[in-house]
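Novice: Below is one structure. I have some questions about it.
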Amino acid sequence: MATGTCNRCGECCRWLPIILVWQCKPHQLHYLRERGLKEEGGYFLADSPCRHLREEEPDGSGKKKWGCAIYETRPATCRDFCGKALSGGKRFFVPEGCSMAGGKSGEPGDERKDPITEVK
């Protein structure tokens with residue numbers, strides 16, 4: 001898959017960046033780590049899928065594909081996501097392996113849990 005092409009893995013709409021790790025005081029780091037928040041790309045992340053994220057019909061590839069139920073009217077934050085951390089004060093969390101940024105998320109062996117129906 002070419003860089004800049006979305007493979008519809010849904011990861012960018014699943015993980016909610018809570019706070020930058022470097023902004024945390026030691027007691028906050030301990031608190032967030034004890035609760036099992038994921039750390040990636042310098043952020044603490046909460047597994048909090050967007051309410052508009054929807055699993056698409058299988059396409060025969062064997063990979064789960066995700067789409068946006070409000071794609072045509074999605075907010076500017078979503079429209080502006082390009083798979084890159086931007087400068088100028090605008091920041092996006094870029095999931096590890098994001099194909100928009102040149103990663104291989106969604107490749108065979110890179111299994112993801114269903115962010116909508118998984119019960120913890």
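Starting from 1 in every chain, residues are counted up; chains themselves are A, B, ... following the order of the structure tokens, and ligands are numbered from 1 as listed.
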Would you give me, as a PDB file with N, CA and C atoms, in the first residue's frame, the residues in range 1-66 of chain A that DSSP reads as alpha helix (DSSP H)?

Specialist:
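For reference, states.pdb as written:
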ATOM      1  N   GLU A  11      -7.519   2.589  13.374  1.00  0.00           N
ATOM      2  CA  GLU A  11      -6.737   2.905  14.568  1.00  0.00           C
ATOM      3  C   GLU A  11      -6.744   4.394  14.913  1.00  0.00           C
ATOM      4  N   CYS A  12      -6.757   5.265  13.922  1.00  0.00           N
ATOM      5  CA  CYS A  12      -6.738   6.703  14.203  1.00  0.00           C
ATOM      6  C   CYS A  12      -8.046   7.157  14.853  1.00  0.00           C
ATOM      7  N   CYS A  13      -9.107   6.388  14.674  1.00  0.00           N
ATOM      8  CA  CYS A  13     -10.410   6.731  15.248  1.00  0.00           C
ATOM      9  C   CYS A  13     -10.696   5.929  16.516  1.00  0.00           C
ATOM     10  N   ARG A  14      -9.777   5.060  16.880  1.00  0.00           N
ATOM     11  CA  ARG A  14      -9.973   4.216  18.061  1.00  0.00           C
ATOM     12  C   ARG A  14      -9.300   4.791  19.297  1.00  0.00           C
ATOM     13  N   PRO A  26       5.831  13.028  37.906  1.00  0.00           N
ATOM     14  CA  PRO A  26       6.074  11.623  38.258  1.00  0.00           C
ATOM     15  C   PRO A  26       4.863  10.895  38.848  1.00  0.00           C
ATOM     16  N   HIS A  27       4.107  11.545  39.726  1.00  0.00           N
ATOM     17  CA  HIS A  27       2.942  10.869  40.313  1.00  0.00           C
ATOM     18  C   HIS A  27       1.847  10.629  39.264  1.00  0.00           C
ATOM     19  N   GLN A  28       1.748  11.515  38.277  1.00  0.00           N
ATOM     20  CA  GLN A  28       0.774  11.315  37.197  1.00  0.00           C
ATOM     21  C   GLN A  28       1.203  10.154  36.295  1.00  0.00           C
ATOM     22  N   LEU A  29       2.495  10.078  35.997  1.00  0.00           N
ATOM     23  CA  LEU A  29       3.010   8.969  35.192  1.00  0.00           C
ATOM     24  C   LEU A  29       2.670   7.643  35.870  1.00  0.00           C
ATOM     25  N   HIS A  30       2.928   7.567  37.165  1.00  0.00           N
ATOM     26  CA  HIS A  30       2.634   6.345  37.908  1.00  0.00           C
ATOM     27  C   HIS A  30       1.140   6.018  37.840  1.00  0.00           C
ATOM     28  N   TYR A  31       0.310   7.011  38.067  1.00  0.00           N
ATOM     29  CA  TYR A  31      -1.146   6.817  38.063  1.00  0.00           C
ATOM     30  C   TYR A  31      -1.634   6.296  36.704  1.00  0.00           C
ATOM     31  N   LEU A  32      -1.218   6.919  35.625  1.00  0.00           N
ATOM     32  CA  LEU A  32      -1.674   6.536  34.287  1.00  0.00           C
ATOM     33  C   LEU A  32      -1.131   5.165  33.882  1.00  0.00           C
ATOM     34  N   ARG A  33       0.106   4.879  34.233  1.00  0.00           N
ATOM     35  CA  ARG A  33       0.689   3.573  33.905  1.00  0.00           C
ATOM     36  C   ARG A  33       0.038   2.462  34.715  1.00  0.00           C
ATOM     37  N   GLU A  34      -0.258   2.713  35.985  1.00  0.00           N
ATOM     38  CA  GLU A  34      -0.926   1.719  36.830  1.00  0.00           C
ATOM     39  C   GLU A  34      -2.297   1.356  36.277  1.00  0.00           C
TER      40      GLU A  34
END

Novice: Quick one: residues within 10 Å of Glu40 in chain A, only C-alpha atoms counted, chain neighbours fewer than 6 positions away excluded, as a ChimeraX atom specification?

Specialist: /A:17,20-21,93-96

Novice: Would you write out those residues with C-alpha atoms, as an mmCIF file, in the first residue's frame?

Specialist:
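Full text of again_17.cif as output:
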data_model
loop_
_atom_site.group_PDB
_atom_site.id
_atom_site.type_symbol
_atom_site.label_atom_id
_atom_site.label_comp_id
_atom_site.auth_asym_id
_atom_site.auth_seq_id
_atom_site.Cartn_x
_atom_site.Cartn_y
_atom_site.Cartn_z
ATOM 1 C CA PRO A 17 -4.708 10.837 23.031
ATOM 2 C CA LEU A 20 1.663 14.083 26.258
ATOM 3 C CA VAL A 21 3.911 11.893 28.402
ATOM 4 C CA PHE A 93 -1.732 11.231 17.162
ATOM 5 C CA VAL A 94 -0.410 8.998 14.395
ATOM 6 C CA PRO A 95 -0.991 5.306 15.185
ATOM 7 C CA GLU A 96 1.984 2.988 14.905
#

Novice: Using Å and a single decimal, report how far CA of Asp59 in chain A sits from CA of Asp80 in chain A.

Specialist: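 The value is 26.6 Å.
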
Novice: Would you mind reading off the distance between CA of Trp22 in chain A and CA of Gly42 in chain A, one decimal, in Å?

Specialist: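 Interatomic distance, CA of Trp22 in chain A to CA of Gly42 in chain A: 7.3 Å.
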